[in-house]
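Everything below concerns the one structure shown next.
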Amino acid sequence: MAIALFSYAEIVVLKKGKIIEGKILERTDKYIKIDMWDIPITYYLTDVDSIDGQKIVEPQGEQVKPDKENKIFVKEGIPSTPLEEKETFVEEKTLFLPIALKEKLSLGELKEAQEYLRKATNLLKERKYKESAFEFENALKINPELAEGYYGLGYVYVSTKSYPEAVFYFKKAIEVSPNYAEAYNGLAYVSSISGNYIEAIKYYQNALKIKKDDLEAYNGLGFSYASLGKNKEAIDCFKAAIKINPEYASAYSGLGALYLALGQDLDAKENFLKAKAIFEKNKDTEGVKAIEEYLKKLP
């Protein structure tokens, strides 16, 4: 898959046939580091066929990629670290990108890709992140235009707090499917985690342009506005989410937290109790526990 990112980019062809277009930041006798979407991605020369048309001559002797202390360093298509460890290794990272889509997929191939996607989603629900990523990649190997696959990988990396990789895949999902509201929400969430609330607001607003009743976007906007001290806008967003779905506990929780910060204890308690009742109804023990901690702060 050719990715045009720079007007002065180098063309790298991998042995598996994938074409990469990007700025080479560093080149040694063992690897090259390429800038893709402002993320440095490392490719080992043993995996590279040519750079700008020049064939790569492999070093003598087998090049072993390190696997020390159970830290997995990537070969093509494999996550760069054990996802359970919730940390990243930028120096030895290769993010998964499938080769270009062939002209037409058969019905059997489309069904197979969807089956991998189903498996990946179920594994994600079980918090089996490494296994889930593997199945999302299997789906994308068959159908590289499957935006849900890139979004799924983004969600995996958000769940394991590997935020640069999450951004990479959320942007890839939007590249494939520009009206993918959930991917904009993913980018917004990562922005808010890093404290960039203005950027988060922009992404949430993009999601709402696509999906006007997006509860996650309204709720995220509420928290982002509150973090910037824009309390009226925050309250309006939480209330908009509740108007769409009166059983949306997160919006009541957000309102409660905002009213608590503003010293409006009665309003805070009212919304916390509504949130708690919904969390209990949905058997969301973590939600109930969080609300109970808030209630302890009230007089």
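The way I read the labels, and the way they are meant: chains A, B, ... in the order of the structure tokens, residue 1 as the first residue of every chain, and ligand 1 as the first ligand shown, with later ones counted on from there.
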
Exercise for review: Show which residues sit within 12 Å of A:Ile56, as a ChimeraX atom specification. Count only C-alpha atoms, and ignore same-chain residues fewer than 6 positions away.
Suggested key: /A:12-15,29-32,44-50

Closest pair table for stretch 222-275 of chain A residues within 12 Å of stretch 194-205 of chain A, only C-alpha atoms, as a Markdown table:
```
| residue | atom | partner | partner_atom | distance |
| --- | --- | --- | --- | --- |
| A:Gly222 | CA | A:Ile201 | CA | 9.1 |
| A:Phe223 | CA | A:Tyr197 | CA | 8.9 |
| A:Ser224 | CA | A:Tyr197 | CA | 5.3 |
| A:Tyr225 | CA | A:Tyr197 | CA | 7.5 |
| A:Ala226 | CA | A:Tyr197 | CA | 9.5 |
| A:Ser227 | CA | A:Tyr197 | CA | 7.3 |
| A:Leu228 | CA | A:Tyr197 | CA | 7.2 |
| A:Gly229 | CA | A:Tyr197 | CA | 10.9 |
| A:Lys230 | CA | A:Tyr197 | CA | 11.3 |
| A:Glu233 | CA | A:Ile201 | CA | 11.3 |
| A:Ala234 | CA | A:Ile201 | CA | 11.0 |
| A:Cys237 | CA | A:Tyr204 | CA | 11.2 |
```

**Study point:** Selected residue, from A:Leu298, A:Tyr157, A:Asn143, A:Glu148, that lies nearest to A:Ser106 when counting only C-alpha atoms
**Key:** A:Asn143

Exercise for review: Skip A:Asn219 itself and residues of its chain fewer than 6 positions away, then list as an MDAnalysis selection string all residues within 12 Å of it, counting only C-alpha atoms.
Suggested key: chainID A and resid 185 188:189 200:201 204:205 207:208 213 225:226 233:245 248:255

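Using only C-alpha atoms, the nearest neighbour of A:Glu165 within the list A:Glu26, A:Gln264, A:Leu110, A:Leu95 is A:Leu95.
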
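You will find atom CA of A:Lys297 at 25.7 Å from atom CA of A:Tyr218.
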
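Coordinates place atom CA of A:Tyr129 at a distance of 7.8 Å from atom CA of A:Thr160.
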
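Atom CA of A:Tyr169 lies 8.7 Å from atom CA of A:Ala183.
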
Review point. Out of stretch 79-281 of chain A, which residues get alpha helix (DSSP H) from DSSP, as an NGL selection string?
Key: :A and (107-125 or 129-142 or 147-159 or 163-176 or 181-193 or 197-210 or 215-227 or 231-244 or 249-261 or 265-281)
